[in-house]
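Undergrad: Here's a structure for you.
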Amino acid sequence: MLNTIWHQNNRMPAKATLAQRIAWHREHQRHCGCREVPKSLKKYFTGKNRRKHCALDSAVTADLKTQ
Ligand SMILES: [Zn+2]
C-alpha cells in the first residue's frame, strides 16, 4: 500500500548519503510498503527484528569509514 502523505512529507534528498538512504528506507518500511529496500541496502536491514539498530548502525559506520 502506498502511503502518499508520508511520501509527500519524506522526500529522498537528491544527493542522499548512504546513511541518509538507510534512514529513509528504515522509516519507509515502517510507514509504507510500496516498494522493497534495494538489494544494495538490504545488508543493513538484517533479520526481521528491526530493533537490532546497534548491529545495523555499526555496519553503516564501518562502511562509511571505507568510503
Ligand atoms: Zn512508499
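Residues in the C-alpha cells are numbered from 1 in each chain, the chains being A, B, ... in the order shown, and ligands are numbered from 1 in the order shown.
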What do you get as a PDB file with C-alpha atoms, in the first residue's frame if you pick all residues at most 7 Å from ligand 1, counting only C-alpha atoms and all ligand atoms?

TA:
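So the final result, stored in selection-v9.pdb, reads:
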```
ATOM      1  CA  LEU A   2       1.299   3.423  -0.929  1.00  0.00           C
ATOM      2  CA  ASN A   3       1.331   5.961   1.857  1.00  0.00           C
ATOM      3  CA  HIS A   7       5.989  10.253   0.728  1.00  0.00           C
ATOM      4  CA  HIS A  28       9.798   3.989   4.754  1.00  0.00           C
ATOM      5  CA  CYS A  32       4.754   2.498   3.756  1.00  0.00           C
ATOM      6  CA  GLY A  33       5.019  -0.738   1.795  1.00  0.00           C
ATOM      7  CA  CYS A  34       5.016   0.472  -1.794  1.00  0.00           C
ATOM      8  CA  ARG A  35       8.456  -0.959  -2.551  1.00  0.00           C
TER       9      ARG A  35
END
```

Undergrad: Extract, using only C-alpha atoms, all DNA, RNA and protein residues at most 9 Å from Val37 in chain A, discarding same-chain residues fewer than 3 positions from it, and format them as an mmCIF file with C-alpha atoms, in the first residue's frame.

TA:
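Generated output (selection-v7.cif):
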```cif
data_model
loop_
_atom_site.group_PDB
_atom_site.id
_atom_site.type_symbol
_atom_site.label_atom_id
_atom_site.label_comp_id
_atom_site.auth_asym_id
_atom_site.auth_seq_id
_atom_site.Cartn_x
_atom_site.Cartn_y
_atom_site.Cartn_z
ATOM 1 C CA ILE A 22 19.351 3.839 5.035
ATOM 2 C CA HIS A 25 14.308 3.268 3.895
ATOM 3 C CA ARG A 26 14.150 2.380 7.580
ATOM 4 C CA HIS A 28 9.798 3.989 4.754
ATOM 5 C CA GLN A 29 9.441 0.356 5.770
ATOM 6 C CA SER A 40 22.407 -2.759 -2.258
ATOM 7 C CA LEU A 41 20.948 -1.650 1.065
ATOM 8 C CA LYS A 42 19.469 -4.968 2.174
ATOM 9 C CA PHE A 45 18.442 -4.471 7.268
#
```

Undergrad: Write out as number ranges by chain each polymer residue whose atoms come within 12 Å of Ala23 in chain A, counting only C-alpha atoms; drop sequence neighbours fewer than 3 positions from it.

TA: A: 10-13, 16-20, 26-30, 37, 41, 44-45, 53, 56-57, 60

Undergrad: One decimal, Å: what's the distance from CA of Met1 in chain A over to CA of His31 in chain A, could you say?

TA: 9.7 Å
